[in-house]
file my_file.cif (mmCIF, C-alpha atoms and all ligand atoms)
data_data
loop_
_atom_site.label_atom_id
_atom_site.label_comp_id
_atom_site.auth_asym_id
_atom_site.auth_seq_id
_atom_site.Cartn_x
_atom_site.Cartn_y
_atom_site.Cartn_z
CA MET A 105 2.15 -27.94 -27.71
CA PRO A 106 2.04 -24.17 -27.14
CA ARG A 107 -0.91 -23.07 -25.09
CA LYS A 108 -3.71 -20.93 -26.35
CA CYS A 109 -5.24 -17.88 -24.73
CA ARG A 110 -8.34 -18.79 -22.80
CA LYS A 111 -10.15 -15.71 -24.10
CA CYS A 112 -9.34 -15.66 -27.80
CA ALA A 113 -7.42 -18.87 -28.61
CA ARG A 114 -4.42 -16.98 -29.98
CA PRO A 115 -0.98 -18.22 -28.76
CA ALA A 116 -0.51 -17.52 -25.06
CA VAL A 117 2.44 -15.45 -23.77
CA ILE A 118 2.07 -16.86 -20.28
CA ASN A 119 0.56 -19.88 -18.60
CA MET A 120 -0.27 -19.26 -14.94
CA ARG A 121 -0.57 -22.76 -13.54
CA GLN A 122 -1.76 -21.57 -10.14
CA HIS A 123 -4.75 -19.88 -11.80
CA LYS A 124 -5.08 -22.50 -14.58
CA LEU A 125 -5.04 -19.56 -16.93
CA ALA A 126 -3.10 -18.94 -20.16
CA LEU A 127 -3.40 -15.56 -21.88
CA CYS A 128 -2.16 -13.87 -25.05
CA ALA A 129 -0.23 -10.62 -25.53
CA GLU A 130 -3.47 -8.66 -25.63
CA HIS A 131 -5.43 -10.30 -22.83
CA PHE A 132 -2.59 -10.79 -20.32
CA PRO A 133 -1.81 -7.06 -19.80
CA GLU A 134 -5.54 -6.42 -19.58
CA TRP A 135 -5.78 -9.09 -16.87
CA VAL A 136 -2.86 -7.51 -14.92
CA VAL A 137 -4.50 -4.08 -15.03
CA ASN A 138 -7.87 -5.45 -13.87
CA GLN A 139 -6.36 -7.55 -11.12
CA THR A 140 -4.33 -4.58 -9.85
CA GLU A 141 -7.49 -2.50 -9.64
CA ARG A 142 -9.15 -5.34 -7.74
CA PHE A 143 -6.27 -5.53 -5.21
CA ILE A 144 -6.22 -1.74 -4.76
CA LYS A 145 -9.92 -1.82 -3.89
CA LYS A 146 -9.83 -5.01 -1.82
CA TYR A 147 -7.09 -3.72 0.49
CA ARG A 148 -8.36 -0.12 0.33
CA MET A 149 -5.00 1.16 -0.84
CA PHE A 150 -6.06 4.46 -2.43
CA THR A 151 -8.68 6.13 -4.55
CA ARG A 152 -8.56 8.51 -7.50
CA GLU A 153 -8.57 11.42 -5.04
CA ASP A 154 -5.22 10.38 -3.55
CA ARG A 155 -1.87 11.56 -4.86
CA VAL A 156 0.37 8.55 -5.35
CA LEU A 157 4.14 8.57 -5.65
CA VAL A 158 5.68 5.37 -7.05
CA ALA A 159 9.23 4.64 -6.00
CA VAL A 160 10.87 3.63 -9.27
CA SER A 161 14.20 1.84 -9.47
CA GLY A 162 14.37 1.20 -13.21
CA GLY A 163 13.49 -2.47 -12.61
CA LYS A 164 10.53 -4.31 -14.12
CA ASP A 165 8.25 -4.24 -11.08
CA SER A 166 8.27 -0.52 -10.32
CA LEU A 167 8.07 0.58 -13.97
CA ALA A 168 5.28 -1.93 -14.65
CA LEU A 169 3.41 -0.64 -11.60
CA TRP A 170 3.76 2.95 -12.76
CA ASP A 171 2.46 1.91 -16.17
CA VAL A 172 -0.55 0.05 -14.73
CA LEU A 173 -1.52 2.90 -12.39
CA LEU A 174 -1.36 5.37 -15.27
CA GLN A 175 -3.62 3.15 -17.35
CA LEU A 176 -6.06 2.99 -14.47
CA GLY A 177 -6.20 6.79 -14.38
CA TYR A 178 -4.77 7.36 -10.89
CA GLN A 179 -2.94 10.58 -10.00
CA VAL A 180 0.50 9.03 -10.02
CA ASP A 181 4.06 10.27 -10.46
CA GLY A 182 7.45 8.58 -10.06
CA LEU A 183 10.36 9.15 -7.71
CA TYR A 184 13.84 7.94 -8.56
CA LEU A 185 16.56 8.04 -5.93
CA GLY A 186 20.08 7.95 -7.38
CA LEU A 187 22.11 5.90 -4.90
CA GLY A 188 25.49 6.29 -6.59
CA ILE A 189 25.92 2.52 -6.87
CA ASP A 190 28.36 1.62 -9.58
CA GLY A 191 29.44 -1.97 -9.16
CA GLY A 192 31.57 -1.54 -12.27
CA LEU A 193 28.40 -1.69 -14.34
CA GLY A 194 27.11 1.85 -13.86
CA TYR A 195 24.07 0.29 -12.15
CA SER A 196 22.62 3.60 -10.90
CA ASP A 197 23.19 5.41 -14.22
CA GLU A 198 21.44 2.69 -16.16
CA SER A 199 18.54 2.56 -13.70
CA ARG A 200 18.02 6.29 -13.95
CA ALA A 201 18.16 6.18 -17.75
CA MET A 202 15.37 3.56 -17.78
CA CYS A 203 13.16 5.71 -15.55
CA GLU A 204 13.81 8.77 -17.70
CA ALA A 205 13.03 6.84 -20.86
CA PHE A 206 9.72 5.69 -19.38
CA ALA A 207 8.82 9.23 -18.26
CA ALA A 208 9.71 10.60 -21.69
CA GLN A 209 7.10 8.29 -23.22
CA HIS A 210 4.41 9.38 -20.74
CA PRO A 211 4.01 13.15 -20.79
CA GLU A 212 0.94 12.85 -18.51
CA THR A 213 3.17 11.97 -15.55
CA THR A 214 6.16 13.47 -13.76
CA LEU A 215 9.42 11.88 -12.70
CA HIS A 216 11.10 13.37 -9.64
CA ILE A 217 14.78 12.60 -9.25
CA LEU A 218 17.00 12.99 -6.25
CA ASP A 219 20.63 12.11 -6.70
CA ILE A 220 21.97 11.24 -3.25
CA PRO A 221 25.70 11.89 -3.97
CA ALA A 222 24.88 15.26 -5.58
CA ALA A 223 22.56 16.20 -2.73
CA TYR A 224 24.63 15.05 0.24
CA GLY A 225 28.17 14.69 -1.08
CA GLU A 226 28.40 10.92 -0.64
CA SER A 227 27.12 7.85 -2.43
CA ILE A 228 25.43 5.06 -0.46
CA PRO A 229 28.56 2.86 -0.50
CA GLN A 230 30.62 5.84 0.74
CA MET A 231 28.15 6.58 3.55
CA ALA A 232 28.19 2.90 4.46
CA ALA A 233 31.99 2.76 4.53
CA ARG A 234 32.12 5.76 6.90
CA THR A 235 29.44 4.66 9.36
CA ARG A 236 29.10 1.75 11.79
CA ARG A 237 25.67 0.85 10.42
CA GLY A 238 27.25 0.15 7.03
CA ARG A 239 29.88 -2.36 8.13
CA GLY A 240 29.96 -5.28 5.78
CA LYS A 241 27.22 -4.36 3.32
CA PRO A 242 25.66 -1.00 2.45
CA CYS A 243 22.09 -2.36 2.50
CA SER A 244 21.20 -1.18 5.98
CA VAL A 245 22.34 2.39 5.21
CA CYS A 246 20.66 2.19 1.82
CA GLY A 247 17.33 1.11 3.36
CA LEU A 248 17.48 3.89 5.92
CA VAL A 249 18.25 6.56 3.30
CA LYS A 250 15.53 5.31 0.93
CA ARG A 251 12.85 5.14 3.65
CA HIS A 252 13.74 8.60 4.94
CA GLU A 253 14.00 10.35 1.60
CA MET A 254 10.92 8.74 0.07
CA ASN A 255 8.78 9.73 3.01
CA ARG A 256 10.23 13.23 3.23
CA ILE A 257 9.86 13.89 -0.50
CA ALA A 258 6.31 12.51 -0.57
CA HIS A 259 5.47 14.85 2.30
CA ASP A 260 7.27 17.89 0.82
CA LEU A 261 5.65 17.45 -2.59
CA GLY A 262 2.16 16.75 -1.25
CA TYR A 263 1.76 13.03 -2.02
CA ASN A 264 -0.12 11.10 0.64
CA VAL A 265 0.55 7.60 -0.72
CA LEU A 266 3.88 5.91 -1.43
CA ALA A 267 3.68 2.87 -3.70
CA THR A 268 6.39 0.29 -4.23
CA GLY A 269 6.63 -2.49 -6.79
CA HIS A 270 7.14 -5.41 -4.35
CA ASN A 271 5.82 -8.58 -5.98
CA LEU A 272 4.61 -11.87 -4.53
CA ASP A 273 8.08 -13.45 -4.64
CA ASP A 274 9.47 -10.53 -2.59
CA GLU A 275 6.63 -10.66 -0.07
CA VAL A 276 6.77 -14.43 0.34
CA ALA A 277 10.56 -14.42 0.86
CA VAL A 278 10.16 -11.84 3.65
CA LEU A 279 7.19 -13.70 5.11
CA PHE A 280 9.19 -16.92 5.11
CA GLN A 281 12.16 -15.25 6.79
CA ASN A 282 9.96 -13.60 9.43
CA THR A 283 8.16 -16.87 10.10
CA LEU A 284 11.39 -18.85 10.45
CA ASN A 285 12.51 -16.35 13.07
CA TRP A 286 9.02 -15.74 14.51
CA GLN A 287 9.46 -12.01 14.19
CA VAL A 288 6.00 -11.24 15.49
CA GLY A 289 6.32 -7.46 15.16
CA TYR A 290 7.44 -7.71 11.53
CA LEU A 291 4.73 -10.27 10.77
CA ALA A 292 2.04 -8.08 12.27
CA ARG A 293 3.12 -5.19 10.07
CA GLN A 294 3.48 -7.20 6.85
CA TYR A 295 0.43 -6.21 4.87
CA PRO A 296 -0.35 -4.82 1.39
CA VAL A 297 -1.13 -1.44 2.94
CA LEU A 298 0.31 0.37 5.95
CA PRO A 299 -1.82 3.30 7.06
CA GLU A 300 -0.44 6.81 7.20
CA GLY A 301 0.06 8.49 10.53
CA ASP A 302 2.50 10.42 12.72
CA GLY A 303 4.02 12.13 9.65
CA PHE A 304 4.43 8.92 7.63
CA ALA A 305 2.81 8.54 4.21
CA ARG A 306 0.54 5.55 3.57
CA LYS A 307 2.59 2.72 2.06
CA VAL A 308 1.07 0.37 -0.48
CA LYS A 309 2.16 -2.63 -2.53
CA PRO A 310 -0.39 -3.08 -5.33
CA PHE A 311 1.66 -5.87 -7.01
CA CYS A 312 1.99 -8.04 -3.89
CA ARG A 313 -0.15 -10.82 -5.40
CA PHE A 314 1.66 -11.07 -8.75
CA TYR A 315 4.48 -13.54 -9.30
CA GLU A 316 7.74 -12.05 -10.53
CA ARG A 317 7.37 -13.85 -13.86
CA GLU A 318 4.02 -12.13 -14.31
CA THR A 319 5.40 -8.62 -13.77
CA ALA A 320 8.35 -9.44 -16.04
CA THR A 321 6.04 -10.75 -18.77
CA TYR A 322 3.86 -7.66 -18.40
CA ALA A 323 6.89 -5.34 -18.82
CA ILE A 324 8.09 -7.25 -21.88
CA VAL A 325 4.70 -7.44 -23.56
CA ARG A 326 4.13 -3.72 -22.95
CA GLY A 327 7.57 -2.90 -24.40
CA ILE A 328 8.87 -1.34 -21.19
CA ASP A 329 12.68 -1.22 -21.11
CA TYR A 330 14.02 -2.08 -17.68
CA VAL A 331 17.28 -2.91 -15.94
CA TYR A 332 17.72 -6.69 -15.88
CA ASP A 333 20.58 -6.74 -13.39
CA GLU A 334 19.96 -6.58 -9.69
CA CYS A 335 21.92 -4.15 -7.56
CA PRO A 336 25.44 -5.67 -7.21
CA PHE A 337 25.03 -5.63 -3.41
CA ALA A 338 21.94 -7.85 -3.58
CA GLU A 339 24.14 -10.87 -4.27
CA GLY A 340 24.29 -13.23 -1.34
CA ALA A 341 21.33 -11.59 0.44
CA THR A 342 19.40 -13.96 2.69
CA THR A 343 16.14 -13.17 0.92
CA ILE A 344 17.68 -14.35 -2.37
CA TYR A 345 18.53 -17.66 -0.72
CA TYR A 346 14.94 -17.96 0.50
CA LYS A 347 13.67 -17.07 -2.96
CA GLU A 348 15.67 -19.96 -4.42
CA LEU A 349 14.29 -22.36 -1.81
CA LEU A 350 10.75 -21.18 -2.46
CA ASN A 351 11.24 -21.52 -6.22
CA LYS A 352 12.03 -25.20 -5.68
CA LEU A 353 8.85 -25.59 -3.68
CA GLU A 354 6.85 -23.75 -6.34
CA ALA A 355 8.27 -25.99 -9.10
CA ASP A 356 6.95 -29.08 -7.25
CA LYS A 357 3.73 -27.48 -6.09
CA PRO A 358 2.53 -24.74 -8.45
CA GLY A 359 0.72 -22.05 -6.51
CA ALA A 360 2.48 -22.83 -3.21
CA LYS A 361 3.82 -19.30 -2.79
CA LEU A 362 0.50 -17.66 -3.50
CA HIS A 363 -1.21 -20.09 -1.13
CA PHE A 364 1.31 -19.35 1.65
CA TYR A 365 0.82 -15.60 1.29
CA LEU A 366 -2.96 -15.63 0.95
CA SER A 367 -3.35 -18.04 3.88
CA PHE A 368 -1.26 -15.66 5.97
CA LEU A 369 -3.47 -12.70 5.00
CA ARG A 370 -6.59 -14.75 5.72
CA ALA A 371 -5.31 -15.83 9.15
CA ARG A 372 -4.63 -12.20 9.89
CA ASP A 373 -7.84 -10.70 8.53
CA LYS A 374 -10.41 -13.40 9.21
CA GLU A 375 -8.96 -15.38 12.10
CA GLY A 376 -7.50 -12.47 14.04
CA LEU A 377 -3.94 -13.83 14.09
CA PHE A 378 -2.55 -10.57 15.46
CA ALA A 379 -5.71 -9.26 17.08
CA ASN A 380 -4.06 -9.13 20.51
CA TRP A 381 -0.75 -7.84 19.32
CA GLN A 382 0.00 -4.28 20.29
CA GLU A 383 2.77 -2.27 18.82
CA GLU A 384 5.07 -0.82 21.42
CA LYS A 385 4.21 2.86 21.61
CA VAL A 386 7.27 4.99 21.01
CA GLU A 387 7.20 8.69 21.57
CA LEU A 388 7.81 10.46 18.24
CA HIS A 389 8.79 14.06 17.70
CA PRO A 390 9.94 16.03 14.66
CA CYS A 391 13.65 15.86 13.85
CA GLU A 392 15.26 19.24 14.53
CA ASN A 393 16.78 19.27 11.08
CA CYS A 394 14.36 17.67 8.63
CA GLY A 395 11.09 17.65 10.57
CA GLN A 396 10.50 13.94 9.93
CA PRO A 397 9.12 11.94 12.85
CA THR A 398 11.81 10.31 14.97
CA SER A 399 12.14 8.63 18.33
CA ALA A 400 15.78 9.72 18.64
CA PRO A 401 16.45 12.89 20.64
CA GLY A 402 17.25 15.97 18.48
CA LEU A 403 18.19 14.69 15.06
CA CYS A 404 16.76 11.63 13.33
CA THR A 405 19.03 8.72 12.41
CA PHE A 406 19.26 9.90 8.80
CA CYS A 407 20.33 13.44 9.65
CA ARG A 408 22.84 12.13 12.20
CA MET A 409 24.33 9.89 9.56
CA LEU A 410 24.90 12.63 6.98
CA PRO A 411 28.53 13.60 6.33
CA GLU A 412 30.07 16.12 8.82
CA ALA A 413 30.42 18.67 6.04
CA VAL A 414 26.69 18.97 5.46
CA ARG A 415 25.51 18.23 9.01
CA PRO A 416 23.77 19.29 11.17
CA LYS A 417 22.21 22.35 9.59
CA VAL A 418 21.79 20.79 6.20
CA LYS A 419 19.09 22.13 4.00
CA LEU A 420 17.69 18.90 2.69
CA ALA A 421 17.68 18.65 -1.06
CA HIS A 422 14.64 19.21 -3.18
CA PRO A 423 14.29 16.65 -5.95
CA LEU A 424 14.65 17.72 -9.54
CA THR A 425 11.71 17.27 -11.82
CA PHE A 426 12.74 15.42 -14.89
CA THR A 427 11.87 17.25 -18.06
CA PRO A 428 11.94 14.94 -21.03
CA VAL A 429 13.43 16.17 -24.26
CA HIS A 430 10.99 15.33 -27.00
CA THR A 431 12.71 14.85 -30.30
S1 LIG B 501 19.40 -2.21 -0.25
FE1 LIG B 501 21.31 -3.21 -0.81
FE2 LIG B 501 19.10 -2.95 -2.33
FE3 LIG B 501 20.42 -0.76 -1.61
S2 LIG B 501 22.49 -1.50 -1.60
FE4 LIG B 501 21.52 -2.43 -3.38
S3 LIG B 501 20.81 -4.39 -2.59
S4 LIG B 501 19.68 -1.22 -3.63
S5 LIG B 501 16.95 -3.32 -2.53
ZN ZN B 502 -6.30 -13.54 -26.00
ZN ZN B 503 16.16 14.40 10.24
#
call {"tool": "encode", "arguments": {"input": "my_file.cif", "output": "structure tokens"}}
result
Amino acid sequence: MPRKCRKCARPAVINMRQHKLALCAEHFPEWVVNQTERFIKKYRMFTREDRVLVAVSGGKDSLALWDVLLQLGYQVDGLYLGLGIDGGLGYSDESRAMCEAFAAQHPETTLHILDIPAAYGESIPQMAARTRRGRGKPCSVCGLVKRHEMNRIAHDLGYNVLATGHNLDDEVAVLFQNTLNWQVGYLARQYPVLPEGDGFARKVKPFCRFYERETATYAIVRGIDYVYDECPFAEGATTIYYKELLNKLEADKPGAKLHFYLSFLRARDKEGLFANWQEEKVELHPCENCGQPTSAPGLCTFCRMLPEAVRPKVKLAHPLTFTPVHT
């Protein structure tokens, strides 16, 4: 028998077994918005005085996050990085189109776009093919470029907070991987908020306690169009394998993922799990080219990786501001 919304008894769009809560198309989005506000406050992510830049990929999580933060009245804009990933499906083109469509429906916000191939002459797969870091898969190069450009653009445009749409399934897969390998440094840094400092913007994950099916349901109920396909290079990633394992666990024990994540946060916050852990202090200085903090001498890893033709005295690209055409 279909479930009924706990608040109004209309048919539920989602049943969250871990919360013993079923909600309808009106009360579920409301719940997501309220819960997000609660997480933002609980982990002291940001306030209405902060300027927040959401990294949007065109997927459900980042667009849903942008939507929720707008509803909550935060000063929030979007940043889309065009990676030039085709995969025969025009993955990057479709992702960008989704972000533009969302921005066009929300004139109160701004979408900044930086197209990496247009800015630096090479797509991510091309950069990866040319450099040692990219042997095998382009993900390492991609991660480096995204981290560098998001932080630089946030800084250049005066945003002090960078938000990403990582959900509970993402966080738990990483936590599981780090625990299997006892990556103490990574574990100590895995938290819903990473403070700013040394030229790095504050990084926040306001959706870290929502299951993927919750963010997907939110996007669908709110009528947000998003890219369903993952990046073609995500296939075969270790975290996807861990996600599948954890889904099996969740099917047998509803709430297991949330419990694993929240117990980790509790052990950290209340039981001082990493109280004695000290991050190795590395000397940082501004990169000679882009001014971003780096431990490497002279140029940072990103600037060193740029194609010969634009390196080393490259004037780093300013993102375009997307201007929607209202018809
Ligand atoms: S890192 Fe790798 Fe992702 Fe970049 S190349 Fe695609 S799968 S998008 S999160
Ligand atoms: Zn209801
Ligand atoms: Zn640099």
call {"tool": "residues_around", "arguments": {"input": "my_file.cif", "residues": "A:Asp274", "least_positions_apart": "6", "cutoff": "12 Å", "atoms": "all atoms listed in the file", "output": "VMD selection string"}}
result
chain A and resid 165 268 280 to 281 294 309 311 to 317 342 to 348 350 to 351 361 to 362 365
call {"tool": "write_last_selection", "arguments": {"input": "my_file.cif", "atoms": "C-alpha atoms", "output": "PDB file, keeping the file's coordinate frame"}}
result
ATOM      1  CA  ASP A 165       8.250  -4.240 -11.080  1.00  0.00           C
ATOM      2  CA  THR A 268       6.390   0.290  -4.230  1.00  0.00           C
ATOM      3  CA  PHE A 280       9.190 -16.920   5.110  1.00  0.00           C
ATOM      4  CA  GLN A 281      12.160 -15.250   6.790  1.00  0.00           C
ATOM      5  CA  GLN A 294       3.480  -7.200   6.850  1.00  0.00           C
ATOM      6  CA  LYS A 309       2.160  -2.630  -2.530  1.00  0.00           C
ATOM      7  CA  PHE A 311       1.660  -5.870  -7.010  1.00  0.00           C
ATOM      8  CA  CYS A 312       1.990  -8.040  -3.890  1.00  0.00           C
ATOM      9  CA  ARG A 313      -0.150 -10.820  -5.400  1.00  0.00           C
ATOM     10  CA  PHE A 314       1.660 -11.070  -8.750  1.00  0.00           C
ATOM     11  CA  TYR A 315       4.480 -13.540  -9.300  1.00  0.00           C
ATOM     12  CA  GLU A 316       7.740 -12.050 -10.530  1.00  0.00           C
ATOM     13  CA  ARG A 317       7.370 -13.850 -13.860  1.00  0.00           C
ATOM     14  CA  THR A 342      19.400 -13.960   2.690  1.00  0.00           C
ATOM     15  CA  THR A 343      16.140 -13.170   0.920  1.00  0.00           C
ATOM     16  CA  ILE A 344      17.680 -14.350  -2.370  1.00  0.00           C
ATOM     17  CA  TYR A 345      18.530 -17.660  -0.720  1.00  0.00           C
ATOM     18  CA  TYR A 346      14.940 -17.960   0.500  1.00  0.00           C
ATOM     19  CA  LYS A 347      13.670 -17.070  -2.960  1.00  0.00           C
ATOM     20  CA  GLU A 348      15.670 -19.960  -4.420  1.00  0.00           C
ATOM     21  CA  LEU A 350      10.750 -21.180  -2.460  1.00  0.00           C
ATOM     22  CA  ASN A 351      11.240 -21.520  -6.220  1.00  0.00           C
ATOM     23  CA  LYS A 361       3.820 -19.300  -2.790  1.00  0.00           C
ATOM     24  CA  LEU A 362       0.500 -17.660  -3.500  1.00  0.00           C
ATOM     25  CA  TYR A 365       0.820 -15.600   1.290  1.00  0.00           C
TER      26      TYR A 365
END
call {"tool": "closest_residue", "arguments": {"input": "my_file.cif", "among": "A:Cys109, A:Cys335, A:Ala292, A:Cys203", "to": "ligand ZN 502 (chain B)", "atoms": "all atoms listed in the file"}}
result
A:Cys109
call {"tool": "closest_residue", "arguments": {"input": "my_file.cif", "among": "A:Cys407, A:Val297, A:Leu127, A:Met120", "to": "ligand ZN 502 (chain B)", "atoms": "all atoms listed in the file"}}
result
A:Leu127
call {"tool": "residues_near_ligand", "arguments": {"input": "my_file.cif", "ligand": "ligand ZN 502 (chain B)", "cutoff": "10 Å", "atoms": "all atoms listed in the file", "output": "number ranges by chain"}}
result
A: 108-117, 126-132, 134
call {"tool": "write_last_selection", "arguments": {"input": "my_file.cif", "atoms": "C-alpha atoms", "output": "PDB file, in the coordinates of the input"}}
result
ATOM      1  CA  LYS A 108      -3.710 -20.930 -26.350  1.00  0.00           C
ATOM      2  CA  CYS A 109      -5.240 -17.880 -24.730  1.00  0.00           C
ATOM      3  CA  ARG A 110      -8.340 -18.790 -22.800  1.00  0.00           C
ATOM      4  CA  LYS A 111     -10.150 -15.710 -24.100  1.00  0.00           C
ATOM      5  CA  CYS A 112      -9.340 -15.660 -27.800  1.00  0.00           C
ATOM      6  CA  ALA A 113      -7.420 -18.870 -28.610  1.00  0.00           C
ATOM      7  CA  ARG A 114      -4.420 -16.980 -29.980  1.00  0.00           C
ATOM      8  CA  PRO A 115      -0.980 -18.220 -28.760  1.00  0.00           C
ATOM      9  CA  ALA A 116      -0.510 -17.520 -25.060  1.00  0.00           C
ATOM     10  CA  VAL A 117       2.440 -15.450 -23.770  1.00  0.00           C
ATOM     11  CA  ALA A 126      -3.100 -18.940 -20.160  1.00  0.00           C
ATOM     12  CA  LEU A 127      -3.400 -15.560 -21.880  1.00  0.00           C
ATOM     13  CA  CYS A 128      -2.160 -13.870 -25.050  1.00  0.00           C
ATOM     14  CA  ALA A 129      -0.230 -10.620 -25.530  1.00  0.00           C
ATOM     15  CA  GLU A 130      -3.470  -8.660 -25.630  1.00  0.00           C
ATOM     16  CA  HIS A 131      -5.430 -10.300 -22.830  1.00  0.00           C
ATOM     17  CA  PHE A 132      -2.590 -10.790 -20.320  1.00  0.00           C
ATOM     18  CA  GLU A 134      -5.540  -6.420 -19.580  1.00  0.00           C
TER      19      GLU A 134
END
call {"tool": "residues_near_ligand", "arguments": {"input": "my_file.cif", "ligand": "ligand ZN 503 (chain B)", "cutoff": "9 Å", "atoms": "only C-alpha atoms and all ligand atoms", "output": "compact mmCIF listing (two decimals) with C-alpha atoms, in the coordinates of the input"}}
result
# COMPACT_ATOMS: atom_id res chain seq x y z
CA HIS A 252 13.74 8.60 4.94
CA PRO A 390 9.94 16.03 14.66
CA CYS A 391 13.65 15.86 13.85
CA GLU A 392 15.26 19.24 14.53
CA ASN A 393 16.78 19.27 11.08
CA CYS A 394 14.36 17.67 8.63
CA GLY A 395 11.09 17.65 10.57
CA GLN A 396 10.50 13.94 9.93
CA PRO A 397 9.12 11.94 12.85
CA THR A 398 11.81 10.31 14.97
CA GLY A 402 17.25 15.97 18.48
CA LEU A 403 18.19 14.69 15.06
CA CYS A 404 16.76 11.63 13.33
CA THR A 405 19.03 8.72 12.41
CA PHE A 406 19.26 9.90 8.80
CA CYS A 407 20.33 13.44 9.65
CA ARG A 408 22.84 12.13 12.20
CA LEU A 420 17.69 18.90 2.69
call {"tool": "residues_near_ligand", "arguments": {"input": "my_file.cif", "ligand": "ligand LIG 501 (chain B)", "cutoff": "7 Å", "atoms": "all atoms listed in the file", "output": "PyMOL selection string"}}
result
chain A and resi 242-244+246-247+335-338
call {"tool": "write_last_selection", "arguments": {"input": "my_file.cif", "atoms": "C-alpha atoms", "output": "mmCIF file, keeping the file's coordinate frame"}}
result
data_model
loop_
_atom_site.group_PDB
_atom_site.id
_atom_site.type_symbol
_atom_site.label_atom_id
_atom_site.label_comp_id
_atom_site.auth_asym_id
_atom_site.auth_seq_id
_atom_site.Cartn_x
_atom_site.Cartn_y
_atom_site.Cartn_z
ATOM 1 C CA PRO A 242 25.660 -1.000 2.450
ATOM 2 C CA CYS A 243 22.090 -2.360 2.500
ATOM 3 C CA SER A 244 21.200 -1.180 5.980
ATOM 4 C CA CYS A 246 20.660 2.190 1.820
ATOM 5 C CA GLY A 247 17.330 1.110 3.360
ATOM 6 C CA CYS A 335 21.920 -4.150 -7.560
ATOM 7 C CA PRO A 336 25.440 -5.670 -7.210
ATOM 8 C CA PHE A 337 25.030 -5.630 -3.410
ATOM 9 C CA ALA A 338 21.940 -7.850 -3.580
#
call {"tool": "residues_around", "arguments": {"input": "my_file.cif", "residues": "A:Glu318", "least_positions_apart": "5", "cutoff": "9 Å", "atoms": "only C-alpha atoms", "output": "ChimeraX atom specification"}}
result
/A:118,120,136,323
call {"tool": "residues_around", "arguments": {"input": "my_file.cif", "residues": "stretch 304-307 of chain A", "least_positions_apart": "2", "cutoff": "8 Å", "atoms": "all atoms listed in the file", "output": "compact mmCIF listing (two decimals) with C-alpha atoms, in the coordinates of the input"}}
result
# COMPACT_ATOMS: atom_id res chain seq x y z
CA ASN A 255 8.78 9.73 3.01
CA ALA A 258 6.31 12.51 -0.57
CA HIS A 259 5.47 14.85 2.30
CA TYR A 263 1.76 13.03 -2.02
CA ASN A 264 -0.12 11.10 0.64
CA VAL A 265 0.55 7.60 -0.72
CA LEU A 266 3.88 5.91 -1.43
CA ALA A 267 3.68 2.87 -3.70
CA THR A 268 6.39 0.29 -4.23
CA VAL A 297 -1.13 -1.44 2.94
CA LEU A 298 0.31 0.37 5.95
CA PRO A 299 -1.82 3.30 7.06
CA GLU A 300 -0.44 6.81 7.20
CA GLY A 301 0.06 8.49 10.53
CA ASP A 302 2.50 10.42 12.72
CA LYS A 309 2.16 -2.63 -2.53
CA PRO A 397 9.12 11.94 12.85
call {"tool": "residues_around", "arguments": {"input": "my_file.cif", "residues": "A:Ala360", "least_positions_apart": "2", "cutoff": "12 Å", "atoms": "only C-alpha atoms", "output": "CSV table (one decimal) with C-alpha atoms, in the frame of the given file"}}
result
chain,number,residue,atom,x,y,z
A,121,ARG,CA,-0.6,-22.8,-13.5
A,122,GLN,CA,-1.8,-21.6,-10.1
A,123,HIS,CA,-4.8,-19.9,-11.8
A,272,LEU,CA,4.6,-11.9,-4.5
A,273,ASP,CA,8.1,-13.4,-4.6
A,276,VAL,CA,6.8,-14.4,0.3
A,315,TYR,CA,4.5,-13.5,-9.3
A,349,LEU,CA,14.3,-22.4,-1.8
A,350,LEU,CA,10.8,-21.2,-2.5
A,351,ASN,CA,11.2,-21.5,-6.2
A,352,LYS,CA,12.0,-25.2,-5.7
A,353,LEU,CA,8.8,-25.6,-3.7
A,354,GLU,CA,6.8,-23.8,-6.3
A,355,ALA,CA,8.3,-26.0,-9.1
A,356,ASP,CA,7.0,-29.1,-7.2
A,357,LYS,CA,3.7,-27.5,-6.1
A,358,PRO,CA,2.5,-24.7,-8.4
A,362,LEU,CA,0.5,-17.7,-3.5
A,363,HIS,CA,-1.2,-20.1,-1.1
A,364,PHE,CA,1.3,-19.4,1.6
A,365,TYR,CA,0.8,-15.6,1.3
A,366,LEU,CA,-3.0,-15.6,1.0
A,367,SER,CA,-3.4,-18.0,3.9
call {"tool": "decode", "arguments": {"input": "my_file.cif", "residues": "stretch 143-148 of chain A", "atoms": "N, CA and C atoms", "output": "PDB file, in the first residue's frame"}}
result
ATOM      1  N   PHE A 143      21.778  21.893   9.276  1.00  0.00           N
ATOM      2  CA  PHE A 143      23.167  21.421   9.132  1.00  0.00           C
ATOM      3  C   PHE A 143      24.119  22.619   8.990  1.00  0.00           C
ATOM      4  N   ILE A 144      23.693  23.632   8.236  1.00  0.00           N
ATOM      5  CA  ILE A 144      24.550  24.812   8.034  1.00  0.00           C
ATOM      6  C   ILE A 144      24.872  25.444   9.390  1.00  0.00           C
ATOM      7  N   LYS A 145      23.853  25.511  10.238  1.00  0.00           N
ATOM      8  CA  LYS A 145      24.050  26.126  11.562  1.00  0.00           C
ATOM      9  C   LYS A 145      24.853  25.202  12.472  1.00  0.00           C
ATOM     10  N   LYS A 146      24.490  23.936  12.479  1.00  0.00           N
ATOM     11  CA  LYS A 146      25.143  22.974  13.383  1.00  0.00           C
ATOM     12  C   LYS A 146      26.657  22.936  13.152  1.00  0.00           C
ATOM     13  N   TYR A 147      27.063  22.908  11.897  1.00  0.00           N
ATOM     14  CA  TYR A 147      28.498  22.805  11.592  1.00  0.00           C
ATOM     15  C   TYR A 147      29.121  24.176  11.327  1.00  0.00           C
ATOM     16  N   ARG A 148      28.361  25.225  11.608  1.00  0.00           N
ATOM     17  CA  ARG A 148      28.831  26.613  11.430  1.00  0.00           C
ATOM     18  C   ARG A 148      29.483  26.797  10.059  1.00  0.00           C
TER      19      ARG A 148
END
